[in-house]
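For reference, the structure discussed in these notes is given below.
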Amino acid sequence: MRVKPSSLPDPEEELKTLDLDTHLRDPSIKQRFVTTMFDVIARRYDRFTRVFSFGMDPGWKRQLMAALDPDAQAQVVVDLACGTGDFAIHAAKRWPDATVLGLDVSCRMVVLAAARSAATTRTTFGVGNMIDLPLPDRSVDVVTVGYGIRNAPTPAQALSEIARVVRPGGSLLVLDFYRPSIPVWRALFPWYLRAAGNVVGWLWHREPVAYGYIGPSVAGYVTAREFEAVLGAHGFAVRCIRRKLLGGIALHVAVRR
């Protein structure tokens, strides 16, 4: 699917009208905020992830892909909340004969991902929502999700959809922010993310909430250990967890039972 940049709506003004706390509390309108926010930040998203992770984000993604069984084969790989396509590109290089599909709710992200990958890999990108996947049951071998399940209107619904499309024995790889389990860090980490995000959002977009959103979304989310239990409840067996930043970031590798 190709989306022309000229056909996309301008989300900057819309974001200014959306109240962060109201939209985070209400799953029925959360998606509107998240989609608008990612359309706003798309052009600088890669730079932001590297700045905010102190350059560690690319390494985390490589570690997550490497944590999968080296003998694992895949014919169909889906990168959800694909952003500019990091995981999709990794997957296409690892399994050059596989069908690799990247889906994101942000039209602007999809445009950037398609342009970035066109010269190097055979991948397809389209606009899609992880709570309603346009895929048949048990049709996918590997699903990757970078910083995405936390942003779904209802993370449980997203995991139910992922569980539906992953075949038994297939893999789910997740990289995301989590609420730290250490009490002091649990308070400081979201505070830092919101404060630093507000500064960057103002400097880059004149809109603090563009990146300040991350802190509140983490404060209201689960810990990495709790997420393991959630995965189990949706039919996945966790094979590997790697925590970063004292549990503020974690990498999960799980297999569909």
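Chains: A, B, ... in order of the structure tokens. Residues: from 1 per chain. Ligands: from 1, in order shown.
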Quiz item: Hey, what's within 9 Å of range 104-112 of chain A if we count only C-alpha atoms and toss same-chain stuff fewer than 3 positions away? As a PyMOL selection string, please?
Solution: chain A and resi 1-5+8+31+34-43+45+79-85+115-117+125-130
Quiz item: If you count only C-alpha atoms, which residues fall within 12 Å of Ser53 in chain A, apart from same-chain ones fewer than 5 positions away, as a PyMOL selection string?
Solution: chain A and resi 46-48+58-61+176-177+193+196-197+244-245+248-249
Give the strand (DSSP E) residues of range 165-247 of chain A, as assigned by DSSP on the backbone, as a PDB file with C-alpha atoms, in the first residue's frame.
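Written output follows (result.pdb):
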```pdb
ATOM      1  CA  VAL A 166       0.233 -16.259  15.172  1.00  0.00           C
ATOM      2  CA  ARG A 167       0.405 -19.960  14.398  1.00  0.00           C
ATOM      3  CA  PRO A 168       1.125 -22.436  17.229  1.00  0.00           C
ATOM      4  CA  GLY A 169       4.874 -22.486  17.675  1.00  0.00           C
ATOM      5  CA  GLY A 170       5.193 -19.014  16.154  1.00  0.00           C
ATOM      6  CA  SER A 171       7.041 -16.229  17.952  1.00  0.00           C
ATOM      7  CA  LEU A 172       6.205 -12.819  19.377  1.00  0.00           C
ATOM      8  CA  LEU A 173       9.036 -10.327  20.001  1.00  0.00           C
ATOM      9  CA  VAL A 174       8.251  -7.207  22.021  1.00  0.00           C
ATOM     10  CA  LEU A 175      10.395  -4.186  22.910  1.00  0.00           C
ATOM     11  CA  ASP A 176       8.722  -1.562  25.082  1.00  0.00           C
ATOM     12  CA  PHE A 177       8.763   0.765  28.062  1.00  0.00           C
ATOM     13  CA  PHE A 236       2.173 -17.276  24.918  1.00  0.00           C
ATOM     14  CA  ALA A 237       5.041 -18.919  26.771  1.00  0.00           C
ATOM     15  CA  VAL A 238       7.843 -16.453  27.495  1.00  0.00           C
ATOM     16  CA  ARG A 239      11.237 -17.830  26.534  1.00  0.00           C
ATOM     17  CA  CYS A 240      13.401 -14.806  27.302  1.00  0.00           C
ATOM     18  CA  ILE A 241      13.191 -11.483  29.162  1.00  0.00           C
ATOM     19  CA  ARG A 242      15.968  -8.930  29.104  1.00  0.00           C
ATOM     20  CA  ARG A 243      15.548  -5.828  31.236  1.00  0.00           C
ATOM     21  CA  LYS A 244      17.209  -2.507  30.475  1.00  0.00           C
TER      22      LYS A 244
END
```
Quiz item: CA of Pro180 in chain A to CA of Leu68 in chain A: how many Å, to one decimal?
Solution: 24.4 Å
Self-check item: Point-to-point distance from CA of Asn151 in chain A to CA of Ile131 in chain A, Å rounded to tenths
Solution: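 Between CA of Asn151 in chain A and CA of Ile131 in chain A the gap is 10.9 Å.
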Quiz item: From the set A:Ala88, A:Ile214, A:Val230, A:Val77, which residue has the shortest atom-to-atom contact distance to Val165 in chain A, counting only C-alpha atoms?
Solution: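 Counting only C-alpha atoms, the residue closest to Val165 in chain A is A:Val77.
You can rank A:Pro11, A:Thr120, A:Ala92, A:Leu251 by their closest distance to Arg225 in chain A using only C-alpha atoms, and at the top of that list sits A:Leu251.
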Exercise. Would you please give, as a PyMOL selection string, all residues of range 16-242 of chain A that DSSP assigns to helix (DSSP H, G or I) based on the backbone?
Key: chain A and resi 16+20-25+27-52+57-67+86-94+107-117+149-151+155-165+183-205+209-212+214-219+224-233
Residues just named, written with C-alpha atoms as a short mmCIF file (atom, residue, chain, number, x, y, z; two decimals), in the first residue's frame:
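Below you can see again_25.cif, which holds the result:
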```cif
data_model
loop_
_atom_site.label_atom_id
_atom_site.label_comp_id
_atom_site.auth_asym_id
_atom_site.auth_seq_id
_atom_site.Cartn_x
_atom_site.Cartn_y
_atom_site.Cartn_z
CA LYS A 16 -3.11 20.95 20.19
CA LEU A 20 -3.44 13.98 27.07
CA ASP A 21 -4.83 12.78 30.40
CA THR A 22 -8.40 12.59 29.11
CA HIS A 23 -7.41 10.49 26.11
CA LEU A 24 -5.15 8.17 28.13
CA ARG A 25 -7.97 7.41 30.56
CA PRO A 27 -9.81 3.64 25.60
CA SER A 28 -12.55 4.76 23.21
CA ILE A 29 -10.62 7.94 22.29
CA LYS A 30 -7.02 6.99 23.12
CA GLN A 31 -6.35 5.85 19.55
CA ARG A 32 -7.14 9.30 18.16
CA PHE A 33 -4.48 10.86 20.36
CA VAL A 34 -1.87 8.18 19.64
CA THR A 35 -2.38 8.26 15.87
CA THR A 36 -2.24 12.06 15.74
CA MET A 37 0.85 12.17 17.95
CA PHE A 38 2.77 9.69 15.80
CA ASP A 39 1.83 11.55 12.63
CA VAL A 40 3.30 14.68 14.23
CA ILE A 41 6.58 13.09 15.32
CA ALA A 42 7.10 10.75 12.34
CA ARG A 43 9.71 12.86 10.58
CA ARG A 44 11.96 12.95 13.66
CA TYR A 45 10.99 9.63 15.20
CA ASP A 46 14.25 7.82 14.47
CA ARG A 47 16.31 10.67 15.83
CA PHE A 48 14.13 10.83 18.93
CA THR A 49 14.39 7.12 19.76
CA ARG A 50 18.15 7.32 19.56
CA VAL A 51 18.41 10.51 21.61
CA PHE A 52 16.03 9.29 24.32
CA ASP A 57 17.71 1.66 20.81
CA PRO A 58 19.34 0.10 17.68
CA GLY A 59 21.27 -2.31 19.90
CA TRP A 60 18.14 -3.32 21.81
CA LYS A 61 16.42 -4.15 18.54
CA ARG A 62 19.35 -6.22 17.36
CA GLN A 63 19.44 -8.04 20.71
CA LEU A 64 15.75 -8.84 20.52
CA MET A 65 16.06 -10.31 17.03
CA ALA A 66 19.17 -12.24 18.08
CA ALA A 67 17.36 -13.67 21.13
CA ASP A 86 13.41 -1.08 11.87
CA PHE A 87 12.13 -4.55 12.77
CA ALA A 88 10.66 -5.18 9.31
CA ILE A 89 14.03 -4.42 7.73
CA HIS A 90 15.82 -6.69 10.22
CA ALA A 91 13.34 -9.48 9.47
CA ALA A 92 13.65 -9.10 5.69
CA LYS A 93 17.42 -9.42 5.94
CA ARG A 94 17.22 -12.44 8.24
CA CYS A 107 0.11 7.26 7.65
CA ARG A 108 3.25 9.37 7.88
CA MET A 109 5.20 6.52 9.48
CA VAL A 110 4.10 4.17 6.70
CA VAL A 111 5.29 6.59 4.03
CA LEU A 112 8.70 6.91 5.68
CA ALA A 113 9.06 3.15 6.23
CA ALA A 114 8.24 2.36 2.61
CA ALA A 115 10.69 4.95 1.30
CA ARG A 116 13.44 3.84 3.66
CA SER A 117 13.20 0.14 2.86
CA ILE A 149 1.30 -2.65 22.73
CA ARG A 150 1.43 -0.04 25.51
CA ASN A 151 -0.05 2.48 23.06
CA PRO A 155 -3.42 -3.77 25.27
CA ALA A 156 -5.32 -6.97 26.10
CA GLN A 157 -7.31 -6.66 22.88
CA ALA A 158 -4.11 -6.14 20.90
CA LEU A 159 -2.60 -9.29 22.40
CA SER A 160 -5.77 -11.25 21.66
CA GLU A 161 -5.50 -10.23 18.01
CA ILE A 162 -1.81 -11.10 17.89
CA ALA A 163 -2.54 -14.49 19.47
CA ARG A 164 -5.23 -15.07 16.84
CA VAL A 165 -2.92 -14.54 13.86
CA PRO A 183 9.74 1.92 44.07
CA VAL A 184 12.03 4.95 43.76
CA TRP A 185 12.74 4.33 40.08
CA ARG A 186 9.02 3.71 39.50
CA ALA A 187 8.42 7.33 40.48
CA LEU A 188 11.50 8.91 38.89
CA PHE A 189 11.49 7.15 35.51
CA PRO A 190 8.06 8.36 34.28
CA TRP A 191 8.79 11.80 35.70
CA TYR A 192 12.04 12.01 33.73
CA LEU A 193 10.36 10.76 30.55
CA ARG A 194 7.61 13.36 30.81
CA ALA A 195 9.92 16.24 31.71
CA ALA A 196 12.53 15.45 29.06
CA GLY A 197 9.83 14.65 26.51
CA ASN A 198 8.13 17.99 27.13
CA VAL A 199 11.39 19.82 26.50
CA VAL A 200 12.14 17.96 23.26
CA GLY A 201 8.54 18.27 22.11
CA TRP A 202 8.65 22.03 22.57
CA LEU A 203 12.03 22.45 20.90
CA TRP A 204 11.23 20.27 17.88
CA HIS A 205 7.49 20.78 17.40
CA VAL A 209 2.92 16.61 24.66
CA ALA A 210 4.32 15.17 21.42
CA TYR A 211 6.99 13.37 23.45
CA GLY A 212 5.85 14.15 26.99
CA ILE A 214 5.57 8.70 27.10
CA GLY A 215 5.92 9.35 30.84
CA PRO A 216 2.20 9.13 31.73
CA SER A 217 1.74 6.13 29.44
CA VAL A 218 4.51 4.29 31.32
CA ALA A 219 3.21 5.32 34.76
CA ALA A 224 7.96 -6.24 32.71
CA ARG A 225 7.18 -9.16 35.03
CA GLU A 226 3.46 -8.39 34.95
CA PHE A 227 3.60 -8.28 31.17
CA GLU A 228 4.99 -11.81 31.19
CA ALA A 229 1.86 -12.93 33.06
CA VAL A 230 -0.34 -11.07 30.56
CA LEU A 231 1.40 -12.86 27.70
CA GLY A 232 0.76 -16.18 29.43
CA ALA A 233 -2.93 -15.38 29.77
#
```
